[in-house]
Every structure is written in structure tokens, then in C-alpha cells.
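> One structure, pasted below without further comment.
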Amino acid sequence: MMRRFRAPNARFRHLLVLLLSGILIGVFSLVHSQWEPLHRWNRAFGDTALILLALAMALGPLAALFPRARGGLVWRRQVGIWAMMLALVHVVIILHAWVEWNLIRLFGFEYSPMFRRYIMHQHGFGLANAVGILALLFGLVLMLTSNDRSVRWLTPTVWHYLHRGAVTFWWLVVVHVGYFLFIHFLDVRRPMLEPNPLQWPFVMLIILVSSLRGAAFMLQWDQIRRSNNRQ
């Protein structure tokens with residue numbers, strides 16, 4: 001009789017996800033090697049966080065569609081936590097390198113010596129960062145409650161209700177990343193740059209995650225419909 005596969009314990013899962021993250025950060029740093037160092041690493045950490053978040057969003061649908069993939073669900077917590085940890089590093093680099101800890105600049109404002117006050121300079125940049133900050137706050141709530149103690153304190157029903165909001169978190173991140181991949185560097189005040197090589201991989205990633213979630217939804221709907229018809 002074959003022995004049932006047992007997933008590694010939580011600490012080992014954290015270690016493996018951290019190792020995977022390090023590899024991805026290294027790969028993305030090579031992809032963005034044309035940028036200055038701070039911006040290069042900012043993108044590398046952000047891209048890796050996106051990949052981990054996409055994986056976390058895909059594990060549930062995969063388990064629903066393919067029963068043999070249900071063992072992967074135990075990785076969802078660690079993958080989600082490290083996605084947020086890397087996103088926090090991404091934010092710190094932006095605050096240090098781009099806006100120099102002047103938070104009003106994060107929302108697209110720049111100081112005008114002529115008017116002696118801050119004026120809106122980058123509308124899209126400000127809006128995209130506002131979406132990113134909203135996603136960050138949402139993600140922090142999910143990360144800080146991704147533990148057994150929170151499940152007991154909130155009760156499983158409330159905890160599951162809260163964490164179903166991960167879909168909203170995902171789409172806020174998609175909007176934030178999509179702006180910087182496709183729109184931000186089209187501004188006429190910036191030098192024309194070569195298209196980001198990750199644009200179409202990003203699109204394919206969104207399509208893949210959306211397709212998996214859509215297929216899992218349809219399967220669940222069909223199962224509920226069949227169950228109701230038998231009653």
C-alpha cells in the first residue's frame with residue numbers, strides 16, 4: 001500500500017517559499033538590469049510579490065479542479081505571507097528612491113517654486129499609487145490574520161469571510177501593476193523607452209489565474225445545481 005504524501009511542516013514551507021522568492025528576485029533583477037540599481041531591485045521585489053500572489057490565488061481553484069492538487073492548499077498561507085513581505089520591501093524602496101520619504105509626492109504632487117506650493121504633476125502616478133496603498137492595507141490585514149490564533153479569535157466563519165476578500169486584493173494589485181507596465185512611461189515628459197518585456201507575460205498570468213478561478217466557479221455552480229436537482 002502506498003504511503004500518503006505528507007506536506008513539509010510550516011517552518012520548512014516558509015523556508016522553501018523564501019528560497020523560491022530569492023531565485024525569482026535574482027531572475028527579475030536580470031530582466032531589469034537596464035535600470036539604475038534602486039529601481040531595478042524595486043521592480044524585482046514587486047514582480048516576485050506578484051508571482052507569489054498569483055500562485056496563492058491559483059492554489060484554491062487548482063484544488064477544486066484537480067483533487068490531486070488539494071495537498072497544495074497547505075502552501076497558500078506561506079505563499080501569501082511572503083508575497084506581502086516582498087511587497088513591503090517594494091514599497092520601502094519606492095519611498096526611499098522615488099519619493100525620498102516625502103509622502104505627498106507618492107500621490108503625484110511636486111513642489112512648484114513658482115506657486116510656492118505642491119501642485120499635481122503626475123495624475124496617473126498618484127492614482128496608481130493610491131490603488132497600491134489601498135491594496136497594501138488590505139494585504140496587511142490578510143497577512144496579519146494568516147495564523148491559527150486569528151482563526152480562533154475571529155471564529156472560522158468570520159475568518160473565511162475576511163479572507164474571501166483576497167480576490168479584491170488581487171484585482172487592486174493587478175490595476176496597480178498594469179498602470180506601471182503599460183501606461184506610466186508613455187508620458188510625453190519622459191524619454192521614450194523600450195516596452196517592458198514583462199508586459200505580455202503579465203497579461204498571460206492574469207488570464208491564467210482568471211481562467212482557473214472561472215473554471216472552478218463554474219464547477220462549483222454545476223455541483224450545487226446538480227445537488228439541488230436531486231432534492
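Residues are referred to by chain and number: the chain letter is A, B, ... according to the order shown in the C-alpha cells, the number counts from 1 in that chain, and ligands are numbered separately from 1 in the order shown.
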Using only C-alpha atoms, what does the table of segment 70-147 of chain A residues within 10 Å of segment 16-40 of chain A look like, with each row giving the shortest atom pair and its distance in Å to one decimal, sorted by chain and ascending number, as JSON lines?


{"residue": "A:Trp75", "atom": "CA", "partner": "A:Val17", "partner_atom": "CA", "distance": 8.6}
{"residue": "A:Gln78", "atom": "CA", "partner": "A:Val17", "partner_atom": "CA", "distance": 7.0}
{"residue": "A:Val79", "atom": "CA", "partner": "A:Val17", "partner_atom": "CA", "distance": 6.3}
{"residue": "A:Gly80", "atom": "CA", "partner": "A:Val17", "partner_atom": "CA", "distance": 9.8}
{"residue": "A:Ile81", "atom": "CA", "partner": "A:Val17", "partner_atom": "CA", "distance": 9.7}
{"residue": "A:Trp82", "atom": "CA", "partner": "A:Leu18", "partner_atom": "CA", "distance": 7.2}
{"residue": "A:Ala83", "atom": "CA", "partner": "A:Ser21", "partner_atom": "CA", "distance": 8.7}
{"residue": "A:Leu86", "atom": "CA", "partner": "A:Ser21", "partner_atom": "CA", "distance": 8.5}
{"residue": "A:His90", "atom": "CA", "partner": "A:His39", "partner_atom": "CA", "distance": 9.6}
{"residue": "A:Ile93", "atom": "CA", "partner": "A:Leu38", "partner_atom": "CA", "distance": 6.9}
{"residue": "A:Ile94", "atom": "CA", "partner": "A:His39", "partner_atom": "CA", "distance": 7.9}
{"residue": "A:His96", "atom": "CA", "partner": "A:Leu38", "partner_atom": "CA", "distance": 8.9}
{"residue": "A:Ala97", "atom": "CA", "partner": "A:Leu38", "partner_atom": "CA", "distance": 6.4}
{"residue": "A:Trp98", "atom": "CA", "partner": "A:His39", "partner_atom": "CA", "distance": 8.3}

> Neighbours of Thr168 of chain A within 10 Å (only C-alpha atoms; same-chain residues fewer than 4 positions away dropped), as a compact mmCIF listing (two decimals) with N, CA and C atoms, in the first residue's frame?


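The resulting file, around_22.txt, is shown below:
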# COMPACT_ATOMS: atom_id res chain seq x y z
N ALA A 135 -4.36 48.50 -1.72
CA ALA A 135 -4.06 47.07 -1.80
C ALA A 135 -3.13 46.66 -0.67
N PHE A 138 -5.03 46.38 2.58
CA PHE A 138 -5.86 45.18 2.51
C PHE A 138 -5.00 43.94 2.72
N GLY A 139 -3.85 43.92 2.04
CA GLY A 139 -2.95 42.77 2.15
C GLY A 139 -2.37 42.61 3.54
N HIS A 163 -11.12 36.55 4.54
CA HIS A 163 -10.10 36.13 3.57
C HIS A 163 -10.66 35.88 2.18
N ARG A 164 -11.98 35.85 2.05
CA ARG A 164 -12.53 35.85 0.69
C ARG A 164 -12.27 37.18 0.01
N LEU A 172 -6.90 44.80 -7.07
CA LEU A 172 -6.25 46.09 -6.80
C LEU A 172 -4.79 46.04 -7.22
N VAL A 173 -4.12 44.94 -6.90
CA VAL A 173 -2.71 44.77 -7.31
C VAL A 173 -2.60 44.74 -8.83
N VAL A 174 -3.50 44.05 -9.50
CA VAL A 174 -3.48 43.97 -10.96
C VAL A 174 -3.59 45.36 -11.58

> Show which residues sit within 12 Å of Ala166 of chain A, as a compact mmCIF listing (two decimals) with N, CA and C atoms, in the first residue's frame. Count only C-alpha atoms, and ignore same-chain residues fewer than 6 positions away.


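As a result, selection11.txt now contains:
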# COMPACT_ATOMS: atom_id res chain seq x y z
N LEU A 53 1.69 36.10 -5.23
CA LEU A 53 0.27 36.37 -5.03
C LEU A 53 -0.57 35.61 -6.05
N ALA A 54 -0.11 35.58 -7.30
CA ALA A 54 -0.83 34.82 -8.34
C ALA A 54 -0.89 33.34 -7.98
N ALA A 56 -0.79 32.08 -4.95
CA ALA A 56 -1.73 31.94 -3.84
C ALA A 56 -3.17 31.97 -4.34
N MET A 57 -3.44 32.81 -5.34
CA MET A 57 -4.80 32.91 -5.89
C MET A 57 -5.17 31.70 -6.74
N ALA A 58 -4.16 31.00 -7.25
CA ALA A 58 -4.41 29.85 -8.12
C ALA A 58 -4.54 28.53 -7.37
N GLY A 60 -6.27 27.56 -4.72
CA GLY A 60 -7.64 27.16 -4.41
C GLY A 60 -8.37 26.60 -5.62
N ARG A 76 -0.68 27.74 0.77
CA ARG A 76 -1.27 29.03 0.45
C ARG A 76 -0.93 30.10 1.49
N ARG A 77 -0.92 29.72 2.76
CA ARG A 77 -0.64 30.70 3.81
C ARG A 77 0.78 31.24 3.68
N GLY A 80 1.22 33.43 0.53
CA GLY A 80 0.60 34.74 0.70
C GLY A 80 1.37 35.65 1.63
N MET A 84 3.32 39.34 0.64
CA MET A 84 3.17 40.62 1.31
C MET A 84 4.50 41.15 1.84
N ALA A 135 -4.36 48.50 -1.72
CA ALA A 135 -4.06 47.07 -1.80
C ALA A 135 -3.13 46.66 -0.67
N LEU A 136 -2.13 47.50 -0.37
CA LEU A 136 -1.18 47.19 0.69
C LEU A 136 -1.88 47.06 2.04
N LEU A 137 -2.78 47.99 2.34
CA LEU A 137 -3.50 47.94 3.61
C LEU A 137 -4.37 46.69 3.69
N PHE A 138 -5.03 46.38 2.58
CA PHE A 138 -5.86 45.18 2.51
C PHE A 138 -5.00 43.94 2.72
N GLY A 139 -3.85 43.92 2.04
CA GLY A 139 -2.95 42.77 2.15
C GLY A 139 -2.37 42.61 3.54
N LEU A 140 -2.10 43.73 4.23
CA LEU A 140 -1.58 43.64 5.58
C LEU A 140 -2.58 43.00 6.53
N VAL A 141 -3.85 43.34 6.36
CA VAL A 141 -4.89 42.72 7.19
C VAL A 141 -4.92 41.21 6.95
N LEU A 142 -4.83 40.81 5.69
CA LEU A 142 -4.84 39.38 5.36
C LEU A 142 -3.61 38.68 5.92
N MET A 143 -2.44 39.34 5.79
CA MET A 143 -1.20 38.73 6.28
C MET A 143 -1.22 38.57 7.80
N SER A 146 -3.27 35.69 8.98
CA SER A 146 -2.97 34.38 8.39
C SER A 146 -2.26 33.49 9.40
N TRP A 159 -13.44 34.54 9.84
CA TRP A 159 -12.11 34.50 9.22
C TRP A 159 -12.22 34.18 7.73
N HIS A 160 -13.02 33.19 7.39
CA HIS A 160 -13.20 32.84 5.97
C HIS A 160 -13.85 33.98 5.20
N LEU A 172 -6.90 44.80 -7.07
CA LEU A 172 -6.25 46.09 -6.80
C LEU A 172 -4.79 46.04 -7.22
N VAL A 173 -4.12 44.94 -6.90
CA VAL A 173 -2.71 44.77 -7.31
C VAL A 173 -2.60 44.74 -8.83

> One decimal, Å: what's the distance from atom CA of Leu186 of chain A over to atom CA of Val89 of chain A, could you say?

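Value for the atom CA of Leu186 of chain A-atom CA of Val89 of chain A distance: 26.0 Å.
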
> Could you write out, as an MDAnalysis selection string, all the residues of segment 15-230 of chain A that DSSP marks as strand (DSSP E)?

chainID A and resid 109:112 117:120

> Create the file for the chosen residues now, containing C-alpha atoms and written as an mmCIF file, in the first residue's frame.


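So again_23.cif came out as:
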data_model
loop_
_atom_site.group_PDB
_atom_site.id
_atom_site.type_symbol
_atom_site.label_atom_id
_atom_site.label_comp_id
_atom_site.auth_asym_id
_atom_site.auth_seq_id
_atom_site.Cartn_x
_atom_site.Cartn_y
_atom_site.Cartn_z
ATOM 1 C CA PHE A 109 2.403 66.112 -6.277
ATOM 2 C CA GLU A 110 5.585 68.120 -6.764
ATOM 3 C CA TYR A 111 6.626 71.385 -5.149
ATOM 4 C CA SER A 112 6.401 74.388 -7.505
ATOM 5 C CA ARG A 117 3.096 75.100 -3.018
ATOM 6 C CA TYR A 118 2.660 71.487 -4.106
ATOM 7 C CA ILE A 119 0.764 71.005 -7.348
ATOM 8 C CA MET A 120 -0.456 67.877 -9.109
#

> Could you work out how far atom CA of Arg43 of chain A lies from atom CA of Ala87 of chain A, giving the answer in Å with one decimal?

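These atoms are spaced 10.2 Å apart.
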
> Would you give me, as a PyMOL selection string, the residues in segment 28-108 of chain A that DSSP reads as alpha helix (DSSP H)?

chain A and resi 28-31+37-65+76-97

> I'd like the neighbourhood of segment 201-213 of chain A as number ranges by chain, where a residue qualifies if any of its atoms comes within 12 Å (using only C-alpha atoms), though same-chain residues fewer than 6 positions away should be ignored.

A: 47-48, 50-66, 167, 170-171, 173-175, 177-182, 219-220
